[in-house]
Structure formats: structure tokens, C-alpha cells
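One file, start.pdb, is given below (PDB, C-alpha atoms, pLDDT in the B column).
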```
MODEL        1
ATOM      1  CA  MET A 235      45.610   0.967  -8.092  1.00 54.00           C
ATOM      2  CA  ALA A 236      47.959   1.913 -10.952  1.00 61.00           C
ATOM      3  CA  LEU A 237      51.693   1.717 -10.430  1.00 70.00           C
ATOM      4  CA  LEU A 238      53.175   5.180  -9.968  1.00 71.00           C
ATOM      5  CA  THR A 239      56.445   5.804 -11.786  1.00 79.00           C
ATOM      6  CA  ILE A 240      58.567   8.843 -11.214  1.00 82.00           C
ATOM      7  CA  PRO A 241      60.061  10.248 -14.439  1.00 85.00           C
ATOM      8  CA  GLU A 242      63.795   9.628 -14.827  1.00 86.00           C
ATOM      9  CA  SER A 243      64.692  13.324 -14.914  1.00 86.00           C
ATOM     10  CA  LEU A 244      62.886  13.934 -11.630  1.00 84.00           C
ATOM     11  CA  ARG A 245      64.424  10.814 -10.067  1.00 83.00           C
ATOM     12  CA  GLN A 246      67.931  12.002 -10.991  1.00 88.00           C
ATOM     13  CA  LYS A 247      67.348  15.384  -9.353  1.00 88.00           C
ATOM     14  CA  LEU A 248      65.649  13.993  -6.237  1.00 86.00           C
ATOM     15  CA  GLY A 249      67.589  10.807  -5.788  1.00 90.00           C
ATOM     16  CA  ASP A 250      66.222   7.302  -5.232  1.00 87.00           C
ATOM     17  CA  ALA A 251      65.160   7.778  -1.605  1.00 91.00           C
ATOM     18  CA  ALA A 252      63.383  11.079  -2.239  1.00 91.00           C
ATOM     19  CA  SER A 253      61.714   9.637  -5.357  1.00 87.00           C
ATOM     20  CA  GLN A 254      60.380   6.737  -3.333  1.00 89.00           C
ATOM     21  CA  ASP A 255      59.209   9.129  -0.631  1.00 89.00           C
ATOM     22  CA  LEU A 256      57.485  11.279  -3.259  1.00 89.00           C
ATOM     23  CA  ALA A 257      55.787   8.205  -4.747  1.00 88.00           C
ATOM     24  CA  GLU A 258      54.663   7.123  -1.275  1.00 89.00           C
ATOM     25  CA  LEU A 259      53.348  10.637  -0.553  1.00 91.00           C
ATOM     26  CA  ILE A 260      51.368  10.644  -3.797  1.00 91.00           C
ATOM     27  CA  ARG A 261      50.010   7.125  -3.087  1.00 90.00           C
ATOM     28  CA  ILE A 262      48.932   8.159   0.430  1.00 93.00           C
ATOM     29  CA  SER A 263      47.358  11.317  -0.957  1.00 93.00           C
ATOM     30  CA  GLN A 264      45.419   9.308  -3.541  1.00 92.00           C
ATOM     31  CA  GLU A 265      44.223   6.874  -0.865  1.00 93.00           C
ATOM     32  CA  ASN A 266      43.093   9.805   1.294  1.00 95.00           C
ATOM     33  CA  GLN A 267      41.247  11.334  -1.653  1.00 95.00           C
ATOM     34  CA  ARG A 268      39.632   7.964  -2.413  1.00 94.00           C
ATOM     35  CA  SER A 269      38.612   7.603   1.228  1.00 95.00           C
ATOM     36  CA  ILE A 270      37.125  11.111   1.295  1.00 96.00           C
ATOM     37  CA  ILE A 271      35.237  10.498  -1.956  1.00 96.00           C
ATOM     38  CA  LEU A 272      33.881   7.201  -0.629  1.00 95.00           C
ATOM     39  CA  GLU A 273      32.708   8.930   2.538  1.00 95.00           C
ATOM     40  CA  LEU A 274      30.967  11.626   0.496  1.00 95.00           C
ATOM     41  CA  VAL A 275      29.319   9.032  -1.738  1.00 96.00           C
ATOM     42  CA  GLU A 276      28.229   6.993   1.291  1.00 95.00           C
ATOM     43  CA  ASP A 277      26.799  10.106   2.945  1.00 94.00           C
ATOM     44  CA  ARG A 278      24.894  11.058  -0.199  1.00 95.00           C
ATOM     45  CA  PHE A 279      23.638   7.497  -0.581  1.00 95.00           C
ATOM     46  CA  ALA A 280      22.508   7.399   3.042  1.00 95.00           C
ATOM     47  CA  LEU A 281      20.717  10.736   2.589  1.00 95.00           C
ATOM     48  CA  ARG A 282      18.970   9.560  -0.574  1.00 95.00           C
ATOM     49  CA  LEU A 283      18.062   6.313   1.110  1.00 95.00           C
ATOM     50  CA  LYS A 284      16.505   8.209   4.007  1.00 95.00           C
ATOM     51  CA  GLU A 285      14.600  10.408   1.567  1.00 95.00           C
ATOM     52  CA  MET A 286      13.330   7.350  -0.292  1.00 95.00           C
ATOM     53  CA  GLU A 287      12.353   5.714   2.989  1.00 95.00           C
ATOM     54  CA  SER A 288      10.468   8.829   3.992  1.00 95.00           C
ATOM     55  CA  ARG A 289       8.629   8.944   0.665  1.00 94.00           C
ATOM     56  CA  LEU A 290       7.910   5.234   0.869  1.00 94.00           C
ATOM     57  CA  ASN A 291       6.551   5.631   4.393  1.00 94.00           C
ATOM     58  CA  GLU A 292       4.337   8.492   3.246  1.00 94.00           C
ATOM     59  CA  ARG A 293       3.028   6.415   0.344  1.00 94.00           C
ATOM     60  CA  MET A 294       2.464   3.401   2.582  1.00 94.00           C
ATOM     61  CA  ASP A 295       0.662   5.545   5.139  1.00 94.00           C
ATOM     62  CA  ALA A 296      -1.536   6.942   2.383  1.00 94.00           C
ATOM     63  CA  ARG A 297      -2.249   3.442   1.056  1.00 94.00           C
ATOM     64  CA  PHE A 298      -3.053   2.129   4.512  1.00 93.00           C
ATOM     65  CA  LEU A 299      -5.359   5.100   5.028  1.00 94.00           C
ATOM     66  CA  ASP A 300      -7.094   4.259   1.749  1.00 93.00           C
ATOM     67  CA  VAL A 301      -7.440   0.630   2.802  1.00 93.00           C
ATOM     68  CA  GLN A 302      -8.817   1.712   6.174  1.00 95.00           C
ATOM     69  CA  LYS A 303     -11.339   4.002   4.470  1.00 94.00           C
ATOM     70  CA  GLN A 304     -12.397   1.187   2.164  1.00 94.00           C
ATOM     71  CA  PHE A 305     -12.657  -1.174   5.106  1.00 93.00           C
ATOM     72  CA  ASP A 306     -14.800   1.357   6.972  1.00 94.00           C
ATOM     73  CA  GLU A 307     -17.002   1.741   3.901  1.00 94.00           C
ATOM     74  CA  ILE A 308     -17.381  -2.024   3.656  1.00 94.00           C
ATOM     75  CA  GLN A 309     -18.326  -2.187   7.321  1.00 94.00           C
ATOM     76  CA  LYS A 310     -20.863   0.568   6.751  1.00 94.00           C
ATOM     77  CA  GLN A 311     -22.299  -1.262   3.758  1.00 94.00           C
ATOM     78  CA  PHE A 312     -22.338  -4.502   5.720  1.00 92.00           C
ATOM     79  CA  GLY A 313     -24.327  -2.743   8.436  1.00 93.00           C
ATOM     80  CA  GLU A 314     -26.743  -1.509   5.797  1.00 94.00           C
ATOM     81  CA  VAL A 315     -27.021  -5.025   4.411  1.00 92.00           C
ATOM     82  CA  GLN A 316     -27.740  -6.334   7.885  1.00 93.00           C
ATOM     83  CA  LYS A 317     -30.392  -3.660   8.275  1.00 93.00           C
ATOM     84  CA  GLN A 318     -31.890  -4.635   4.933  1.00 93.00           C
ATOM     85  CA  PHE A 319     -31.790  -8.268   5.949  1.00 90.00           C
ATOM     86  CA  GLY A 320     -33.670  -7.371   9.126  1.00 92.00           C
ATOM     87  CA  GLU A 321     -36.280  -5.605   7.028  1.00 93.00           C
ATOM     88  CA  VAL A 322     -36.578  -8.690   4.839  1.00 91.00           C
ATOM     89  CA  GLN A 323     -37.182 -10.782   7.922  1.00 89.00           C
ATOM     90  CA  LYS A 324     -39.958  -8.382   9.011  1.00 90.00           C
ATOM     91  CA  GLN A 325     -41.519  -8.650   5.577  1.00 88.00           C
ATOM     92  CA  PHE A 326     -41.351 -12.423   5.796  1.00 82.00           C
ATOM     93  CA  GLY A 327     -43.217 -12.270   9.118  1.00 82.00           C
ATOM     94  CA  GLU A 328     -45.941 -10.202   7.478  1.00 83.00           C
ATOM     95  CA  ILE A 329     -46.097 -12.738   4.660  1.00 74.00           C
ATOM     96  CA  GLN A 330     -46.697 -15.479   7.172  1.00 75.00           C
ATOM     97  CA  LYS A 331     -49.577 -13.440   8.574  1.00 79.00           C
ATOM     98  CA  GLN A 332     -51.038 -13.113   5.141  1.00 75.00           C
ATOM     99  CA  PHE A 333     -51.148 -16.850   4.644  1.00 70.00           C
ATOM    100  CA  GLY A 334     -53.290 -16.676   1.543  1.00 73.00           C
ATOM    101  CA  GLU A 335     -50.604 -14.780  -0.400  1.00 69.00           C
ATOM    102  CA  ILE A 336     -47.615 -16.859   0.742  1.00 64.00           C
ATOM    103  CA  PRO A 337     -46.860 -18.696  -2.509  1.00 71.00           C
ATOM    104  CA  LYS A 338     -46.714 -15.495  -4.552  1.00 72.00           C
ATOM    105  CA  GLN A 339     -44.832 -13.350  -2.021  1.00 70.00           C
ATOM    106  CA  PHE A 340     -42.454 -16.154  -1.015  1.00 75.00           C
ATOM    107  CA  GLY A 341     -40.828 -16.080  -4.455  1.00 83.00           C
ATOM    108  CA  GLU A 342     -40.162 -12.334  -4.167  1.00 85.00           C
ATOM    109  CA  VAL A 343     -38.696 -12.633  -0.687  1.00 82.00           C
ATOM    110  CA  GLN A 344     -36.463 -15.460  -1.799  1.00 87.00           C
ATOM    111  CA  LYS A 345     -35.092 -13.295  -4.625  1.00 87.00           C
ATOM    112  CA  GLN A 346     -34.385 -10.483  -2.173  1.00 87.00           C
ATOM    113  CA  ILE A 347     -32.632 -12.839   0.241  1.00 89.00           C
ATOM    114  CA  THR A 348     -30.527 -14.240  -2.585  1.00 90.00           C
ATOM    115  CA  GLY A 349     -29.503 -10.732  -3.626  1.00 87.00           C
ATOM    116  CA  VAL A 350     -28.636  -9.773  -0.063  1.00 88.00           C
ATOM    117  CA  HIS A 351     -26.742 -13.014   0.430  1.00 88.00           C
ATOM    118  CA  GLY A 352     -24.753 -12.380  -2.763  1.00 89.00           C
ATOM    119  CA  ALA A 353     -23.929  -8.861  -1.590  1.00 88.00           C
ATOM    120  CA  ILE A 354     -22.860 -10.179   1.819  1.00 91.00           C
ATOM    121  CA  ALA A 355     -20.731 -12.875   0.201  1.00 89.00           C
ATOM    122  CA  ALA A 356     -19.090 -10.377  -2.165  1.00 89.00           C
ATOM    123  CA  GLN A 357     -18.419  -7.876   0.590  1.00 91.00           C
ATOM    124  CA  THR A 358     -17.100 -10.601   2.879  1.00 92.00           C
ATOM    125  CA  ARG A 359     -14.740 -11.803   0.143  1.00 90.00           C
ATOM    126  CA  TRP A 360     -13.418  -8.292  -0.386  1.00 90.00           C
ATOM    127  CA  LEU A 361     -13.089  -7.788   3.343  1.00 90.00           C
ATOM    128  CA  LEU A 362     -11.097 -11.004   3.663  1.00 89.00           C
ATOM    129  CA  ILE A 363      -8.979 -10.183   0.609  1.00 90.00           C
ATOM    130  CA  LEU A 364      -8.161  -6.737   1.974  1.00 88.00           C
ATOM    131  CA  ALA A 365      -7.419  -8.078   5.438  1.00 88.00           C
ATOM    132  CA  LEU A 366      -5.239 -10.905   4.104  1.00 88.00           C
ATOM    133  CA  GLY A 367      -3.504  -8.508   1.733  1.00 87.00           C
ATOM    134  CA  ALA A 368      -2.721  -6.074   4.525  1.00 86.00           C
ATOM    135  CA  ILE A 369      -1.586  -8.864   6.847  1.00 89.00           C
ATOM    136  CA  THR A 370       0.585 -10.404   4.127  1.00 87.00           C
ATOM    137  CA  LEU A 371       2.125  -7.235   2.724  1.00 86.00           C
ATOM    138  CA  TYR A 372       2.933  -5.460   5.973  1.00 88.00           C
ATOM    139  CA  PRO A 373       5.612  -7.935   7.165  1.00 88.00           C
ATOM    140  CA  LEU A 374       7.093  -8.149   3.657  1.00 86.00           C
ATOM    141  CA  ILE A 375       7.377  -4.397   3.366  1.00 86.00           C
ATOM    142  CA  THR A 376       8.752  -4.176   6.892  1.00 88.00           C
ATOM    143  CA  ARG A 377      11.425  -6.790   6.101  1.00 87.00           C
ATOM    144  CA  LEU A 378      12.287  -5.021   2.864  1.00 86.00           C
ATOM    145  CA  ILE A 379      12.764  -1.733   4.687  1.00 87.00           C
ATOM    146  CA  ASP A 380      14.804  -3.465   7.402  1.00 85.00           C
ATOM    147  CA  ARG A 381      17.068  -4.976   4.738  1.00 86.00           C
ATOM    148  CA  LEU A 382      17.492  -1.667   2.960  1.00 84.00           C
ATOM    149  CA  LEU A 383      18.244   0.197   6.169  1.00 82.00           C
ATOM    150  CA  PRO A 384      20.862  -1.672   8.204  1.00 68.00           C
TER
ENDMDL
END
```

Would you write out, as C-alpha cells, the structure that this file holds?
Amino acid sequence: MALLTIPESLRQKLGDAASQDLAELIRISQENQRSIILELVEDRFALRLKEMESRLNERMDARFLDVQKQFDEIQKQFGEVQKQFGEVQKQFGEIQKQFGEIPKQFGEVQKQITGVHGAIAAQTRWLLILALGAITLYPLITRLIDRLLP
């Protein structure tokens, strides 16, 4: 804080004791003003922080909803893949019944199984990536929010 000096003309009229009292009064007044300003700034900061937290929570909720929707869609597709795989197994049973056509039809079934397996593997990878991402990011975001909001 800057040193407050009382002008000589004012000091002569007030006297040394009154000049010191005036300087002390001004110093106390400045400290009070500083304290009030700091409180206002802290209040505004806290309000903005709460607003940002609210917006962040809304965005996170929306993102988690999106992830949940994608996860549900993957589960639905996985169910469809399982259904398709069941159909492939039925077709393979029919192929076994038609023993004379096995060599020709076996190649087609094998291609279908490979395609289904690739789809299952891709969907499983995405499912694991999404699950690991959600599991990994949630604690980090929670810690970040806890650090920002004492």
C-alpha cells in the first residue's frame, strides 16, 4: 500500500496528532474499501463458477446421454448380430443335410461367419472403448470439479 502523506498546509492547520489521525482514518477507509471490493469480486467469481459448473454438468449429462444411446444402439446391433449368427447356424445345419452340396455352400457360410465375426469384434472393441472411456473420464472430471469447487 502506498505511503499516505498529508500536505504541509493541512498538517499545520490540523496539527501533528490530527494529521496522523486523518492519515489513519484514510488508511482504514482504504482497507475497508479494498475488503468490500474483494468480497464483491469473490462473490462474482463464486457465482460465475457455479454457472460454469451448471453448464458443465449439463454438457456432461448430455454427453453421457449420448454415450448411453450409443451403447444401447451397440447392444441392439449386437443382438441383431447374434440373431444373424443364429440364422447362419441354421443354414449350416441345412448344409449338413444337403451333404452333396457341402463343399460349395461351406465356402459361402464361412464368408458370412467371417463377416459376422468381424462385426462382432468391431462392435466389441467400440463397446470396450466407450466403457473404458466413461470409466476413465468420470473420476477425472469428478476430481477436476472437486478441485475447482472447494

Q | Target residues per the PyMOL selection byres ((chain A and resi 309-319) around 12), formatted as a PyMOL selection string | A | chain A and resi 302-308+320-326+343-344+346-362

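Take CA of Glu285 in chain A and CA of Leu374 in chain A: the distance between them is 20.1 Å.
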
What's the 12 Å shell around Leu238 in chain A, counting only C-alpha atoms, without same-chain residues fewer than 2 positions away, as an mmCIF file with C-alpha atoms, in the coordinates of the input?
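Output saved as around39.cif:
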```cif
data_model
loop_
_atom_site.group_PDB
_atom_site.id
_atom_site.type_symbol
_atom_site.label_atom_id
_atom_site.label_comp_id
_atom_site.auth_asym_id
_atom_site.auth_seq_id
_atom_site.Cartn_x
_atom_site.Cartn_y
_atom_site.Cartn_z
ATOM 1 C CA MET A 235 45.610 0.967 -8.092
ATOM 2 C CA ALA A 236 47.959 1.913 -10.952
ATOM 3 C CA ILE A 240 58.567 8.843 -11.214
ATOM 4 C CA PRO A 241 60.061 10.248 -14.439
ATOM 5 C CA SER A 253 61.714 9.637 -5.357
ATOM 6 C CA GLN A 254 60.380 6.737 -3.333
ATOM 7 C CA ASP A 255 59.209 9.129 -0.631
ATOM 8 C CA LEU A 256 57.485 11.279 -3.259
ATOM 9 C CA ALA A 257 55.787 8.205 -4.747
ATOM 10 C CA GLU A 258 54.663 7.123 -1.275
ATOM 11 C CA LEU A 259 53.348 10.637 -0.553
ATOM 12 C CA ILE A 260 51.368 10.644 -3.797
ATOM 13 C CA ARG A 261 50.010 7.125 -3.087
ATOM 14 C CA ILE A 262 48.932 8.159 0.430
ATOM 15 C CA GLN A 264 45.419 9.308 -3.541
#
```

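In this structure, CA of Leu290 in chain A sits 12.9 Å away from CA of Tyr372 in chain A.
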
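CA of Val301 in chain A is positioned 8.4 Å from CA of Ala368 in chain A.
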